[in-house]
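Structure file model.cif (mmCIF, C-alpha atoms) is printed below.
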```cif
data_my_file
loop_
_atom_site.label_atom_id
_atom_site.label_comp_id
_atom_site.auth_asym_id
_atom_site.auth_seq_id
_atom_site.Cartn_x
_atom_site.Cartn_y
_atom_site.Cartn_z
CA MET X 1 132.89 -14.58 142.40
CA THR X 2 133.54 -16.75 139.34
CA ALA X 3 133.29 -20.46 139.81
CA GLY X 4 134.39 -21.56 136.37
CA VAL X 5 136.33 -19.96 133.59
CA PRO X 6 133.90 -17.67 131.80
CA THR X 7 133.90 -18.02 128.05
CA GLU X 8 133.07 -15.05 125.90
CA PHE X 9 129.47 -14.56 124.83
CA ILE X 10 129.03 -14.24 121.10
CA ALA X 11 125.95 -12.14 120.52
CA PRO X 12 123.62 -13.28 117.74
CA GLY X 13 123.66 -11.00 114.73
CA PRO X 14 123.10 -11.06 111.00
CA GLN X 15 125.65 -13.87 110.81
CA SER X 16 123.13 -16.07 112.66
CA PHE X 17 121.13 -16.12 109.42
CA ASP X 18 123.94 -17.49 107.30
CA THR X 19 122.70 -20.93 106.45
CA PRO X 20 125.28 -23.34 105.06
CA PRO X 21 124.20 -25.79 102.35
CA ILE X 22 122.51 -28.83 103.85
CA ILE X 23 124.21 -31.17 101.37
CA ASP X 24 127.83 -30.42 100.55
CA GLY X 25 128.25 -29.26 96.99
CA VAL X 26 124.61 -28.30 96.45
CA ASP X 27 124.97 -24.61 97.20
CA TRP X 28 121.41 -23.50 96.60
CA PHE X 29 119.85 -26.07 98.95
CA THR X 30 119.86 -24.20 102.26
CA LYS X 31 117.54 -24.15 105.23
CA PRO X 32 115.10 -21.53 103.86
CA VAL X 33 114.74 -23.55 100.66
CA LEU X 34 114.03 -26.66 102.70
CA VAL X 35 111.48 -24.85 104.90
CA ALA X 36 109.73 -23.34 101.88
CA ALA X 37 109.59 -26.71 100.13
CA LEU X 38 108.23 -28.34 103.29
CA SER X 39 105.59 -25.63 103.60
CA VAL X 40 104.45 -26.27 100.03
CA VAL X 41 104.19 -29.99 100.76
CA VAL X 42 102.14 -29.30 103.89
CA ILE X 43 99.82 -26.86 102.09
CA VAL X 44 99.25 -29.24 99.18
CA TRP X 45 98.65 -32.14 101.54
CA PHE X 46 96.27 -30.08 103.67
CA PHE X 47 94.09 -28.70 100.90
CA TRP X 48 94.20 -31.89 98.84
CA GLY X 49 93.13 -33.87 101.89
CA ALA X 50 90.48 -31.30 102.71
CA SER X 51 88.93 -31.35 99.23
CA ARG X 52 89.52 -34.97 98.20
CA LYS X 53 86.44 -36.42 99.84
CA ALA X 54 84.34 -33.28 99.89
CA ALA X 55 80.94 -34.03 101.37
CA VAL X 56 77.90 -32.05 102.41
CA VAL X 57 78.62 -33.09 105.98
CA PRO X 58 82.32 -32.21 106.12
CA SER X 59 85.03 -34.21 107.81
CA LYS X 60 87.24 -32.43 110.32
CA LEU X 61 89.95 -31.85 107.71
CA GLN X 62 87.47 -30.57 105.14
CA PHE X 63 85.99 -28.26 107.74
CA ALA X 64 89.42 -26.86 108.61
CA GLY X 65 90.28 -26.40 104.94
CA GLU X 66 87.03 -24.61 104.20
CA LEU X 67 87.51 -22.42 107.25
CA GLY X 68 90.91 -21.27 105.98
CA TYR X 69 89.74 -20.82 102.41
CA ASN X 70 86.58 -18.97 103.46
CA PHE X 71 88.61 -16.69 105.67
CA VAL X 72 90.78 -15.56 102.76
CA ARG X 73 87.90 -15.41 100.29
CA ASN X 74 85.33 -13.64 102.43
CA SER X 75 87.19 -11.51 104.92
CA ILE X 76 90.19 -10.58 102.78
CA ALA X 77 89.41 -10.81 99.07
CA ARG X 78 85.71 -9.94 99.01
CA ASP X 79 85.94 -7.09 101.49
CA ALA X 80 88.96 -5.49 99.84
CA ILE X 81 88.26 -6.09 96.13
CA GLY X 82 84.46 -6.18 96.10
CA SER X 83 82.00 -8.98 95.45
CA GLN X 84 81.96 -8.37 91.67
CA GLU X 85 85.53 -9.25 90.82
CA HIS X 86 87.14 -10.88 93.83
CA MET X 87 86.89 -14.55 92.78
CA LYS X 88 89.58 -14.19 90.11
CA TYR X 89 92.17 -13.26 92.72
CA VAL X 90 91.21 -15.70 95.47
CA PRO X 91 93.56 -18.50 94.30
CA TYR X 92 96.57 -16.20 94.34
CA LEU X 93 95.64 -14.57 97.64
CA CYS X 94 94.85 -17.89 99.28
CA GLY X 95 98.10 -19.48 98.14
CA LEU X 96 100.07 -16.41 99.14
CA PHE X 97 98.46 -16.25 102.56
CA PHE X 98 99.10 -19.86 103.48
CA PHE X 99 102.61 -19.83 102.04
CA ILE X 100 103.61 -16.78 104.08
CA LEU X 101 101.76 -18.02 107.15
CA LEU X 102 103.45 -21.42 107.17
CA ASN X 103 106.88 -20.02 106.44
CA ASN X 104 106.48 -17.49 109.26
CA VAL X 105 105.14 -19.98 111.75
CA ALA X 106 108.08 -22.24 110.89
CA ALA X 107 110.07 -19.90 113.15
CA THR X 108 108.11 -21.27 116.11
CA VAL X 109 107.87 -24.93 115.10
CA PRO X 110 110.40 -26.94 117.14
CA LEU X 111 113.35 -28.41 115.22
CA ILE X 112 112.70 -26.12 112.23
CA GLN X 113 112.73 -22.72 113.93
CA PHE X 114 113.65 -20.64 110.96
CA PRO X 115 111.48 -17.99 109.30
CA THR X 116 112.07 -18.17 105.55
CA PHE X 117 111.21 -14.52 105.07
CA SER X 118 114.05 -13.42 107.36
CA HIS X 119 116.11 -13.74 104.19
CA ILE X 120 115.12 -10.60 102.33
CA GLY X 121 115.21 -12.15 98.86
CA TRP X 122 112.12 -14.19 99.66
CA ALA X 123 110.25 -11.09 100.81
CA TYR X 124 111.33 -9.19 97.69
CA VAL X 125 110.02 -11.91 95.40
CA ALA X 126 106.68 -12.10 97.20
CA ALA X 127 106.30 -8.31 97.00
CA ILE X 128 107.38 -8.15 93.34
CA MET X 129 104.81 -10.83 92.48
CA SER X 130 102.04 -8.80 94.12
CA TRP X 131 103.36 -5.61 92.49
CA VAL X 132 103.34 -7.14 89.00
CA ILE X 133 99.85 -8.54 89.54
CA TYR X 134 98.19 -5.35 90.76
CA ASN X 135 99.83 -3.26 88.07
CA ALA X 136 98.97 -5.79 85.38
CA VAL X 137 95.29 -6.00 86.34
CA GLY X 138 95.15 -2.21 86.58
CA ILE X 139 96.67 -1.77 83.10
CA ARG X 140 94.36 -4.41 81.68
CA LYS X 141 91.35 -2.68 83.18
CA HIS X 142 92.15 0.95 82.38
CA GLY X 143 94.76 0.75 79.62
CA ALA X 144 98.36 1.88 80.17
CA TRP X 145 97.71 5.63 80.05
CA GLY X 146 94.43 5.40 81.93
CA TYR X 147 96.06 3.35 84.67
CA PHE X 148 98.96 5.77 84.88
CA LYS X 149 96.54 8.67 85.35
CA HIS X 150 94.55 6.57 87.80
CA GLN X 151 97.66 5.94 89.91
CA THR X 152 98.96 9.50 89.86
CA MET X 153 95.82 11.58 90.43
CA PRO X 154 94.81 11.48 94.07
CA ALA X 155 91.05 11.67 94.50
CA GLY X 156 89.45 14.56 96.32
CA VAL X 157 92.39 16.95 96.02
CA PRO X 158 91.65 20.42 94.62
CA ALA X 159 93.08 21.14 91.16
CA TRP X 160 95.55 23.84 92.25
CA LEU X 161 97.29 21.34 94.52
CA MET X 162 97.49 18.61 91.87
CA PRO X 163 100.96 19.40 90.48
CA LEU X 164 102.42 19.14 93.98
CA MET X 165 100.54 15.94 94.77
CA ILE X 166 101.16 13.93 91.60
CA PRO X 167 104.78 12.99 92.42
CA ILE X 168 103.78 11.96 95.96
CA GLU X 169 100.97 9.77 94.69
CA PHE X 170 103.15 8.25 91.99
CA ILE X 171 106.11 7.45 94.24
CA SER X 172 103.93 6.10 97.01
CA ASN X 173 101.88 3.89 94.68
CA ILE X 174 104.62 2.59 92.43
CA LEU X 175 107.76 2.64 94.56
CA VAL X 176 106.97 2.75 98.27
CA ARG X 177 104.24 0.12 98.17
CA PRO X 178 106.32 -2.88 97.08
CA VAL X 179 109.31 -1.76 99.14
CA SER X 180 107.25 -1.34 102.30
CA LEU X 181 105.44 -4.61 101.63
CA SER X 182 108.68 -6.58 101.49
CA LEU X 183 110.56 -4.67 104.18
CA ARG X 184 107.71 -4.97 106.68
CA LEU X 185 107.57 -8.73 106.30
CA PHE X 186 111.34 -9.17 106.26
CA ALA X 187 112.06 -6.84 109.18
CA ASN X 188 109.42 -8.40 111.40
CA MET X 189 110.69 -11.90 110.77
CA PHE X 190 114.34 -10.89 111.08
CA ALA X 191 113.85 -8.88 114.27
CA GLY X 192 111.62 -11.50 115.86
CA HIS X 193 114.07 -14.28 115.20
CA ILE X 194 117.06 -12.31 116.44
CA LEU X 195 115.15 -11.29 119.57
CA LEU X 196 114.42 -14.92 120.33
CA LEU X 197 118.07 -15.83 119.74
CA VAL X 198 119.21 -13.12 122.14
CA PHE X 199 116.93 -14.33 124.91
CA VAL X 200 117.49 -18.03 124.45
CA LEU X 201 121.24 -17.96 123.77
CA GLY X 202 121.77 -15.26 126.38
CA GLY X 203 119.85 -17.25 128.96
CA GLU X 204 121.72 -20.41 128.09
CA TYR X 205 125.05 -18.60 128.37
CA MET X 206 124.25 -17.07 131.74
CA VAL X 207 123.03 -20.36 133.20
CA PHE X 208 125.75 -22.68 131.95
CA GLU X 209 128.78 -20.67 130.95
CA ALA X 210 128.98 -17.37 132.80
CA GLY X 211 129.97 -19.23 135.96
CA SER X 212 128.16 -17.09 138.51
CA ILE X 213 125.20 -18.06 140.70
CA ALA X 214 123.53 -14.66 140.47
CA LEU X 215 123.83 -14.63 136.70
CA ALA X 216 122.45 -18.16 136.54
CA GLY X 217 119.30 -16.95 138.31
CA VAL X 218 118.94 -14.10 135.85
CA GLY X 219 119.61 -16.56 133.05
CA ILE X 220 116.65 -18.71 134.06
CA LEU X 221 114.42 -15.62 134.07
CA THR X 222 115.78 -14.65 130.66
CA PHE X 223 115.08 -18.11 129.34
CA LEU X 224 111.49 -17.98 130.60
CA MET X 225 111.11 -14.53 129.06
CA GLY X 226 112.23 -16.14 125.80
CA PHE X 227 109.12 -18.32 125.89
CA ALA X 228 106.92 -15.26 126.34
CA ILE X 229 108.68 -13.64 123.38
CA ALA X 230 108.06 -16.81 121.36
CA GLY X 231 104.35 -16.47 122.10
CA LEU X 232 104.39 -12.84 121.01
CA GLU X 233 106.29 -13.81 117.87
CA LEU X 234 103.69 -16.42 116.98
CA PHE X 235 101.14 -13.61 117.04
CA VAL X 236 103.37 -11.35 114.94
CA GLN X 237 103.96 -14.12 112.40
CA CYS X 238 100.23 -14.57 111.83
CA ILE X 239 99.59 -10.82 111.70
CA GLN X 240 102.34 -10.28 109.12
CA ALA X 241 100.94 -12.95 106.81
CA TYR X 242 97.50 -11.34 107.17
CA ILE X 243 98.78 -7.79 106.59
CA PHE X 244 100.73 -8.80 103.48
CA VAL X 245 97.70 -10.42 101.89
CA VAL X 246 95.22 -7.72 102.97
CA LEU X 247 97.44 -5.05 101.44
CA THR X 248 97.91 -7.06 98.24
CA ALA X 249 94.14 -7.42 97.99
CA GLN X 250 93.67 -3.72 98.64
CA TYR X 251 96.21 -2.75 96.00
CA ILE X 252 94.45 -4.99 93.49
CA GLY X 253 91.14 -3.50 94.58
CA SER X 254 92.33 0.07 94.16
CA ALA X 255 94.00 -0.74 90.82
CA ILE X 256 90.75 -1.99 89.30
CA ALA X 257 88.48 0.52 91.06
CA GLU X 258 86.65 2.91 88.75
CA ASP X 259 87.33 5.87 90.96
CA HIS X 260 89.29 5.77 94.18
CA MET H 261 74.94 -10.46 109.30
CA SER H 262 74.00 -6.79 109.10
CA GLU H 263 77.10 -5.21 107.65
CA HIS H 264 76.24 -1.61 108.26
CA GLN H 265 76.22 -2.04 112.03
CA ASP H 266 79.44 -3.99 112.26
CA PRO H 267 81.70 -2.02 114.62
CA LYS H 268 84.84 -3.97 113.71
CA PRO H 269 87.06 -2.47 111.03
CA SER H 270 86.79 -4.53 107.87
CA PRO H 271 89.80 -5.41 105.70
CA ALA H 272 88.45 -2.84 103.26
CA ASN H 273 89.77 -0.11 105.53
CA SER H 274 91.95 -1.90 108.05
CA GLY H 275 94.91 -1.42 105.73
CA ASP H 276 94.32 2.33 105.45
CA GLY H 277 96.86 3.00 108.17
CA TRP H 278 99.56 1.25 106.19
CA ARG H 279 98.58 3.10 103.02
CA VAL H 280 98.73 6.40 104.88
CA LEU H 281 102.20 5.42 106.05
CA SER H 282 103.28 4.75 102.47
CA TYR H 283 101.99 8.19 101.47
CA LEU H 284 103.98 9.81 104.28
CA ILE H 285 107.13 7.98 103.23
CA GLY H 286 106.45 8.88 99.60
CA GLY H 287 105.98 12.58 100.32
CA VAL H 288 109.15 12.83 102.38
CA LEU H 289 111.03 10.81 99.76
CA VAL H 290 109.94 12.98 96.81
CA TYR H 291 110.42 16.44 98.29
CA GLY H 292 113.36 15.43 100.45
CA GLY H 293 114.92 14.01 97.30
CA ILE H 294 114.26 17.22 95.38
CA GLY H 295 115.77 19.19 98.26
CA PHE H 296 118.81 16.92 98.31
CA GLY H 297 119.28 17.33 94.55
CA LEU H 298 118.99 21.12 94.75
CA ASP H 299 121.46 21.13 97.64
CA ARG H 300 123.96 19.27 95.50
CA LEU H 301 123.25 21.59 92.59
CA PHE H 302 123.68 24.87 94.46
CA GLY H 303 126.12 23.69 97.11
CA THR H 304 123.75 24.72 99.90
CA GLN H 305 122.80 22.77 103.02
CA PHE H 306 119.34 23.88 104.06
CA LEU H 307 117.18 22.61 101.17
CA LEU H 308 117.09 18.94 102.25
CA PRO H 309 115.42 19.65 105.62
CA VAL H 310 113.13 22.19 103.97
CA GLY H 311 112.15 19.55 101.41
CA ILE H 312 111.52 16.91 104.07
CA VAL H 313 109.26 19.21 106.09
CA LEU H 314 107.50 20.46 102.96
CA GLY H 315 106.94 16.89 101.75
CA ALA H 316 105.54 15.79 105.10
CA GLY H 317 103.28 18.85 105.23
CA LEU H 318 102.00 18.35 101.69
CA THR H 319 101.32 14.69 102.40
CA ILE H 320 99.31 15.55 105.49
CA LEU H 321 97.35 18.08 103.42
CA MET H 322 96.70 15.43 100.82
CA LEU H 323 95.62 12.91 103.46
CA HIS H 324 93.23 15.54 104.76
CA PHE H 325 91.57 15.81 101.35
CA ARG H 326 91.77 12.10 100.68
CA TYR H 327 90.60 10.60 103.95
CA GLY H 328 89.45 13.55 106.02
CA SER H 329 86.03 14.04 104.47
CA ARG H 330 84.93 10.47 105.21
CA SER H 331 82.57 9.76 108.10
#
```
As a first step, turn the structure in this file into structure tokens.
Amino acid sequence: MTAGVPTEFIAPGPQSFDTPPIIDGVDWFTKPVLVAALSVVVIVWFFWGASRKAAVVPSKLQFAGELGYNFVRNSIARDAIGSQEHMKYVPYLCGLFFFILLNNVAATVPLIQFPTFSHIGWAYVAAIMSWVIYNAVGIRKHGAWGYFKHQTMPAGVPAWLMPLMIPIEFISNILVRPVSLSLRLFANMFAGHILLLVFVLGGEYMVFEAGSIALAGVGILTFLMGFAIAGLELFVQCIQAYIFVVLTAQYIGSAIAEDH
Amino acid sequence: MSEHQDPKPSPANSGDGWRVLSYLIGGVLVYGGIGFGLDRLFGTQFLLPVGIVLGAGLTILMLHFRYGSRS
């Protein structure tokens, strides 16, 4: 049955996300920091290159840059915030979108293969930033008390139900929103990465180390399935970046709306 | 270009599902939390589930008023 001596399979788990410092002694400089820094370099290079020699007849790079920018401006910011006020928030939304997108897609890029947002701290910070911004613009627009009323009075609910509804509206707007924003991004990246690890490491183990012909056949299938999962993950990575920014834009939109 | 005939959901309402989800979580959290607190206060056991169901029901009622009258 067994040709070689089977070694024990160590299943990937949360410990797979422990990233040791890249340089000894510099504790903060880990893989997520490197990936995030790289993504910033790529974004700056891309948009700088796209806008440096802006012409009426665009170059390929300018065309790609304008496509990305227009996508965020028109189909996210303008549709969610409204054509009156959306331009103020486009820089933040655009930067946020491409930062999350590149850091997510880094999970699929060969040799990097690590999603920054699978470390929850990154997701928390992104969500807190959006939370501070939509609350700040809401308070600036309506005043502190006006914004508080705005965020606790659900529209369209009859007056006798109001006392029961106010805590729900308050908790869901102030507490659940940022938590769900960060957890959704983190959990998708974490789960996707661990799923890939299971398929790829499991396949590798069954082919090379389990020491059984039948298992080796299954291992090859598992490995191939890993590629399909990687394709699915690429889709999820893009969707999560989109969802995060659409919801941020919507929260800003509903914070500055006259009546929601 | 005609926006009123566009059958695709726009970002203006494509996030509604997620917002509804956050309402549902919020409702369960608030009234489940109240039930949990009352349970601790009175030493009973049945108020947490009652609170969770009540919160979910109230949230659905609220969603009915909030989103139900559209379209």
message: Quick check, in Å to one decimal: how far apart do atom CA of X:Tyr124 and atom CA of H:Gly287 lie?
response: 22.6 Å
field: Residues selected by the PyMOL selection byres ((chain H and resi 275-283) around 12), written as a VMD selection string
entry: (chain X and resid 76 79 to 80 154 165 to 181 184 242 to 251 253 to 254) or (chain H and resid 269 to 274 284 to 290 315 to 324 326 to 328)
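Picture a line from atom CA of X:Ser182 to atom CA of X:Gln240; it runs 10.6 Å.
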query: Which one of H:Phe302, H:Gly293, H:Pro309, H:Phe325 sits closest to chain X if you count all atoms listed in the file?
result: H:Phe325
query: What is the atom CA of X:Asn188 to atom CA of X:Asn103 distance in Å?
result: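 Taking atom CA of X:Asn188 and atom CA of X:Asn103, their separation equals 12.9 Å.
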- prompt: If you count all atoms listed in the file, which residues fall within 12 Å of X:Lys149, apart from same-chain ones fewer than 2 positions away, as a PyMOL selection string?
  reply: chain X and resi 138-139+142-147+151-155+162+166-167+169-170+173+255+258-260
message: Here is a test: counting only C-alpha atoms, which residue of X:Ile252, X:Ile23, X:Leu67, X:Val200 is nearest to chain H?
response: X:Ile252
- prompt: Between X:Ile43, X:Val57, X:Ala77, X:Ala191, which one has atoms that come closest to chain H, using only C-alpha atoms?
  reply: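 For chain H, the nearest of the given residues is X:Ala77.
Here the PyMOL selection byres ((chain X and resi 19) around 7) captures the residues Phe17, Asp18, Pro20, Pro21, Thr30 and Lys31 of chain X.
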- prompt: Just so the selection is clear, what residues does the PyMOL selection byres ((chain H and resi 307) around 9) cover here, as a list in words?
  reply: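 Evaluating the PyMOL selection byres ((chain H and resi 307) around 9) on this file yields Gly292, Ile294, Gly295, Phe296, Gly297, Leu298, Asp299, Thr304, Gln305, Phe306, Leu308, Pro309, Val310, Gly311 and Ile312 of chain H.
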To test the calculation: enclose all listed atoms of stretch 108-118 of chain X in a box whose edges run along x, y and z, add 8 Å on each side, then state centre and edge lengths in Å to one decimal, as JSON.
```
{"center_x": 111.0, "center_y": -20.9, "center_z": 111.1, "size_x": 22.2, "size_y": 31.0, "size_z": 28.1}
```
